[in-house]
Every structure is written in C-alpha cells, then in structure tokens.
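J.: Sending over a structure as structure tokens; questions will come in a sec.
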There are 2 protein chains.
Amino acid sequence: MSISSRFAVGIHILSLLEINKDQVNTSEWIASSVNTNPVVIRKITGYLKNAGLVHVRPGIAGACLARDIKEISLLDVYKAVNVVQENELFGVHEQPNPACLVGKNIQQAIEPLFASAQLALEKALENVTIADVVSDIIKRDQSGMVENKKPGDL
Amino acid sequence: MSISSRFAVGIHILSLLEINKDQVNTSEWIASSVNTNPVVIRKITGYLKNAGLVHVRPGIAGACLARDIKEISLLDVYKAVNVVQENELFGVHEQPNPACLVGKNIQQAIEPLFASAQLALEKALENVTIADVVSDIIKRDQSGMVENKKPGDL
DNA sequence: TTACATGTAATAATATAAGTTACAGGTTGC
DNA sequence: GCAACCTGTAACTTATATTATTACATGTAA
C-alpha cells in the first residue's frame with residue numbers, strides 16, 4: 001500500500017506552473033501533462049488553493065503559483081493534498097483487550113514511536129522545495145538532450 | 001490513508017510473546033489480547049515467522065520468539081509484515097506525458113527525494129526495539145497501578 | 001483416533017483511490 | 001444578453017487493500 005499519488009501529482013502541478021508560467025495553465029492542459037482527467041487536476045488544484053499555494057478562480061482559465069517556489073516545501077504539498085491525516089501515518093488496531101497487560105498499554109507505548117518516525121519523514125520532506133524539483137527537472141532535461149546529441153551514447 | 005495496522009499488531013504480538021513467555025501463546029489467546037480474529041493473528045504470525053522473528057509450527061500450540069527482543073527493531077517488524085513494498089511508500093502517477101518537459105522528467109526527479117524521505121522513516125524505526133516497547137509497557141502499567149492506589153488521583 | 005492447533009483458501013464488508021460523466025456557476029468577448 | 005469556455009463539485013464506476021469471518025486441510029500428541 002502506498003501514499004496516494006495525489007502527492008506526486010501535486011508536485012507535478014506546481015512544477016508545471018513554474019516552468020510554464022508564461023502560458024495559461026488550464027486543468028485540461030495540466031491533465032495532458034500528468035496524463036489523467038482534468039477533474040482530477042481540478043480536485044488537487046483545489047487542495048493546493050486551500051493551502052494557499054496556488055491562485056485559481058471559477059470561470060477564469062488557468063492556475064498560477066501563489067508563492068515563490070523556494071518557499072514551497074514538499075511537506076507543504078504533502079499536507080495540502082491530504083494524503084495522510086494528522087498523526088495517522090501508521091494505523092493502529094482499535095480496542096485491544098484492557099484486561100491484558102499488553103493490550104492495556106500497547107497503544108500509548110507505540111504512539112510516540114510512530115509519531116517520531118512520522119516526524120522524521122516530514123522533516124525530510126521539509127528540507128526539499130519545489131525550486132529544487134524544478135531545477136532538477138531542467139538539469140535532467142538538458143543532460144538528456146546532450147545524450148541524444150551524441151550518437152552511440154546509452 | 002494509513003499504513004496497515006498489521007504493523008502495530010505485529011509489535012503487539014511480539015511484545016506479548018515476551019511478556020507472556022512462560023505461557024503457551026495460541027493464536028486464539030493472542031487474538032483475545034489484540035481483540036481480533038485468530039486467523040488474522042495466524043496470518044501475521046506467518047509473516048513474522050518468514051522473517052525469522054518467531055517460531056511457530058503446524059499442529060503445535062503456541063508461538064514463541066526466535067530472537068532476543070533487543071535484536072528486533074521496529075523496522076524488522078515493519079518489513080516483516082509487508083505493509084509497504086520496497087521503495088513504494090509514496091505512490092506516483094503512471095505515464096506522465098513524455099512530450100512535456102515536466103512529464104518527461106518528473107518521475108526521475110522525485111524518486112530520490114521520496115526514497116530519502118522513506119529512508120528517514122525507516123531509520124527512525126530502526127532505532128527502536130521490541131525491548132524498548134516491552135519495558136515501556138511494563139513501566140506504564142506500574143505507574144498506572146500506583147495511580148490507582150492513590151484515591152483522588154487522576 | 002480423538003481433540004486441538006496451525007495454515008490457508010474463499011468470501012464478505014468496508015474504505016480509499018482514481019477515472020469519468022454531468023452539470024451548476026462564474027467570466028469574458030461579441 | 002448570450003454564446004463559449006472555464007472552474008467547482010456531486011455522483012457514479014472500477015479497482016484495490018484491509019479486516020473479519022467461515023470452512024477445511026494438515027500436523028501433533030495424549
């Protein structure tokens with residue numbers, strides 16, 4: 001089981017809005033880049049809007065960034081798209097037997113451990129910004145073009 | 001969306017096997033502590049057995065630990081119960097448009113970022129053992145008992 | 001051989017993800 | 001105003017995973 005691809009798509013959308021900032025980025029256009037349905041894009045763009053990451057309005061074509069991409073961390077996106085509820089990355093079994101020493105105390109024992117693991121994950125996401133992703137995309141594309149220009153390479 | 005509670009249940013089972021090591025821990029008995037069906041326990045116990053964490057045999061009642069609990073990290077359990085496939089904690093959208101600069105490079109750009117976040121999570125789980133959980137359970141229970149002995153406390 | 005445990009297949013109920021259709025409501029240009 | 005086009009959203013479908021449950025085959029021991 002994986003964390004919903006809404007997270008990856010959210011990163012995709014924000015990167016696209018930056019790289020394509022001179023164009024009008026409609027949900028249909030974004031969807032053709034992500035390779036999905038425009039409604040899926042509008043839904044995720046709605047999440048990003050609620051988090052204050054993009055500007056988008058009914059009736060007006062196109063979304064655009066609401067913040068400098070250096071100020072948008074992957075954690076911002078992760079939280080925006082609601083792929084994991086607050087402190088619920090790890091599921092726990094409900095109502096273990098309180099008559100058992102283990103059942104009575106297991107939840108309180110593992111809660112802080114799970115929380116700290118989740119925090120470690122979030123810290124890692126906090127250290128990366130959309131600007132990092134965008135510059136990596138551009139870098140990869142340039143090196144890819146160089147490779148293509150050299151016959152025999154691969 | 002949460003990571004399957006199989007992980008939490010796996011920790012519960014191993015802790016119970018330690019605390020209750022003088023008894024015969026049948027799947028039915030464990031199930032009554034976890035508050036679930038014995039078949040669920042047998043399935044998870046099977047995962048733990050495949051990972052070399054417990055001993056359990058067909059026809060013979062009860063499971064027992066195969067390793068010192070100081071040598072069983074939460075990461076061992078996490079991997080044993082197959083809640084997340086290798087390097088697939090984060091889902092990604094399939095087949096983004098290769099004709100688009102972003103679509104063409106987004107996956108390779110985010111893959112290492114996701115991998116490093118996942119690694120941070122796993123490192124956190126690696127630093128905690130079942131021994132830590134067991135001693136915490138015992139500690140919590142003792143302090144709980146003290147509280148119960150003082151009327152008026154709460 | 002009886003009693004009982006584990007292993008496992010099959011099924012059902014529930015939840016979530018992701019795609020799709022349909023349409024309401026907002027905006028712009030003619 | 002109205003036609004064209006966009007976003008927002010509800011409703012539905014399909015697919016997949018989880019958890020619980022029943023049923024039964026297989027293994028062990030008194």
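Naming works like this for the structure tokens: A, B, ... for the chains as they're shown, residue 1 at the start of each chain, ligands 1 onward in shown order.
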Between chain C and stretch 46-58 of chain B, at 12 Å or less, what are the per-residue closest atom pairs and their distances in Å? Count only C-alpha atoms (C1' of nucleotides), order by chain and rising residue number, and return it as CSV.
T.:
```
residue,atom,partner,partner_atom,distance
C:DC4,C1',B:Pro58,CA,11.3
C:DA5,C1',B:Pro58,CA,7.0
C:DT6,C1',B:Pro58,CA,4.2
C:DG7,C1',B:Pro58,CA,6.9
C:DT8,C1',B:Gly46,CA,10.7
```
J.: Give me, as a ChimeraX atom specification, the contact residues of chain B against chain A at a cut-off of 7 Å, counting only C-alpha atoms.
T.: /B:1-5,8-9,12,16,32-35,83-84,88-93,95-97,100,102-103,105-106,109,117-118,120-121,124-125,133,136-137,140-141
J.: With 10 Å as the cut-off and only C-alpha atoms (C1' of nucleotides) counted, what is the closest atom pair between each nearby residue of chain D and chain B? Distances in Å to one decimal, ordered by chain and number, as CSV.
T.:
```
residue,atom,partner,partner_atom,distance
D:DA17,C1',B:Ser4,CA,9.1
D:DT18,C1',B:Ser4,CA,7.3
D:DT19,C1',B:Val40,CA,8.1
D:DA20,C1',B:Asn37,CA,6.7
D:DT21,C1',B:Asn37,CA,7.8
D:DT26,C1',B:Pro58,CA,7.7
D:DG27,C1',B:Gly59,CA,4.4
D:DT28,C1',B:Gly59,CA,4.8
D:DA29,C1',B:Ile60,CA,8.9
```
J.: Identify which of the residues C:DT16, C:DT2, C:DT27, C:DT11 lies closest to chain B, counting only C-alpha atoms (C1' of nucleotides) when measuring atom-to-atom distances.
T.: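 Counting only C-alpha atoms (C1' of nucleotides), the residue closest to chain B is C:DT16.
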J.: Could you pull out the alpha helix (DSSP H) residues of stretch 18-105 of chain A, going by DSSP on the backbone, and write them as a CSV table (one decimal) with C-alpha atoms, in the first residue's frame?
T.:
```csv
chain,number,residue,atom,x,y,z
A,18,GLU,CA,6.6,27.4,-12.6
A,19,ILE,CA,8.1,26.1,-15.8
A,27,SER,CA,-6.9,22.0,-15.9
A,28,GLU,CA,-7.1,20.3,-19.3
A,29,TRP,CA,-3.6,21.3,-20.2
A,30,ILE,CA,-2.2,20.2,-16.9
A,31,ALA,CA,-4.1,16.9,-17.2
A,32,SER,CA,-2.4,16.2,-20.5
A,33,SER,CA,1.0,16.6,-18.9
A,34,VAL,CA,0.1,14.5,-15.9
A,38,PRO,CA,-9.0,17.3,-15.8
A,39,VAL,CA,-11.4,16.7,-12.9
A,40,VAL,CA,-8.6,15.0,-11.0
A,41,ILE,CA,-6.4,18.0,-11.6
A,42,ARG,CA,-9.1,20.4,-10.5
A,43,LYS,CA,-9.6,18.5,-7.3
A,44,ILE,CA,-5.9,18.5,-6.5
A,45,THR,CA,-5.6,22.1,-7.5
A,46,GLY,CA,-8.4,22.8,-5.1
A,47,TYR,CA,-6.4,21.3,-2.3
A,48,LEU,CA,-3.4,23.4,-3.3
A,49,LYS,CA,-5.6,26.5,-3.4
A,50,ASN,CA,-6.9,25.8,0.1
A,74,LEU,CA,7.4,19.1,-0.3
A,75,LEU,CA,5.9,19.0,3.2
A,76,ASP,CA,3.7,21.9,2.3
A,77,VAL,CA,2.4,19.9,-0.7
A,78,TYR,CA,2.1,16.7,1.3
A,79,LYS,CA,-0.1,18.4,3.9
A,80,ALA,CA,-2.0,20.3,1.3
A,101,LEU,CA,-1.1,-6.0,30.4
A,102,VAL,CA,0.0,-5.6,26.8
A,103,GLY,CA,-3.5,-4.8,25.4
A,104,LYS,CA,-3.9,-2.1,28.1
A,105,ASN,CA,-0.7,-0.3,27.4
```
J.: Between C:DT1, C:DG29, C:DA17, C:DC23, which is the closest to chain A once you count only C-alpha atoms (C1' of nucleotides)?
T.: C:DA17
J.: As an mmCIF file with all heavy atoms, in the first residue's frame, please: all residues of chain B that backbone DSSP puts in strand (DSSP E).
T.:
```
data_model
loop_
_atom_site.group_PDB
_atom_site.id
_atom_site.type_symbol
_atom_site.label_atom_id
_atom_site.label_comp_id
_atom_site.auth_asym_id
_atom_site.auth_seq_id
_atom_site.Cartn_x
_atom_site.Cartn_y
_atom_site.Cartn_z
ATOM 1 N N VAL B 54 9.834 -15.257 14.840
ATOM 2 C CA VAL B 54 9.165 -16.142 15.794
ATOM 3 C C VAL B 54 9.280 -17.596 15.320
ATOM 4 O O VAL B 54 9.550 -17.863 14.143
ATOM 5 C CB VAL B 54 7.661 -15.793 15.953
ATOM 6 C CG1 VAL B 54 7.476 -14.349 16.393
ATOM 7 C CG2 VAL B 54 6.903 -16.070 14.668
ATOM 8 N N HIS B 55 9.092 -18.485 16.262
ATOM 9 C CA HIS B 55 8.968 -19.905 15.946
ATOM 10 C C HIS B 55 7.507 -20.287 16.097
ATOM 11 O O HIS B 55 6.872 -19.942 17.095
ATOM 12 C CB HIS B 55 9.807 -20.759 16.905
ATOM 13 C CG HIS B 55 11.272 -20.598 16.728
ATOM 14 N ND1 HIS B 55 11.901 -20.732 15.505
ATOM 15 C CD2 HIS B 55 12.263 -20.303 17.619
ATOM 16 C CE1 HIS B 55 13.193 -20.540 15.648
ATOM 17 N NE2 HIS B 55 13.452 -20.267 16.917
ATOM 18 N N CYS B 64 6.537 -18.634 19.779
ATOM 19 C CA CYS B 64 7.494 -18.039 20.702
ATOM 20 C C CYS B 64 8.548 -17.276 19.929
ATOM 21 O O CYS B 64 8.735 -17.475 18.728
ATOM 22 C CB CYS B 64 8.124 -19.099 21.602
ATOM 23 S SG CYS B 64 9.002 -20.362 20.679
ATOM 24 N N LEU B 65 9.230 -16.404 20.625
ATOM 25 C CA LEU B 65 10.226 -15.547 19.992
ATOM 26 C C LEU B 65 11.406 -16.355 19.473
ATOM 27 O O LEU B 65 11.849 -17.306 20.111
ATOM 28 C CB LEU B 65 10.708 -14.496 20.987
ATOM 29 C CG LEU B 65 9.661 -13.453 21.371
ATOM 30 C CD1 LEU B 65 10.059 -12.739 22.651
ATOM 31 C CD2 LEU B 65 9.485 -12.461 20.226
#
```
J.: Between C:DA9, C:DA24, C:DA18, C:DC30, which has the minimum distance to D:DA10 (counting only C-alpha atoms (C1' of nucleotides))?
T.: C:DA24
J.: Would you mind reading off the distance between atom CA of B:Ser73 and atom CA of B:Ile130, one decimal, in Å?
T.: 6.1 Å
J.: Counting only C-alpha atoms (C1' of nucleotides), which residue out of B:Leu14, B:Arg67, B:Gln142, B:Thr26 sits closest to chain C?
T.: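 Of B:Leu14, B:Arg67, B:Gln142, B:Thr26, the one nearest chain C, counting only C-alpha atoms (C1' of nucleotides), is B:Thr26.
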J.: For A:Glu86, which of A:Val24, A:Ala115, A:Ala131, A:Ala63 is the closest residue, counting only C-alpha atoms?
T.: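 Among A:Val24, A:Ala115, A:Ala131, A:Ala63, it is A:Ala115 that comes nearest to A:Glu86.
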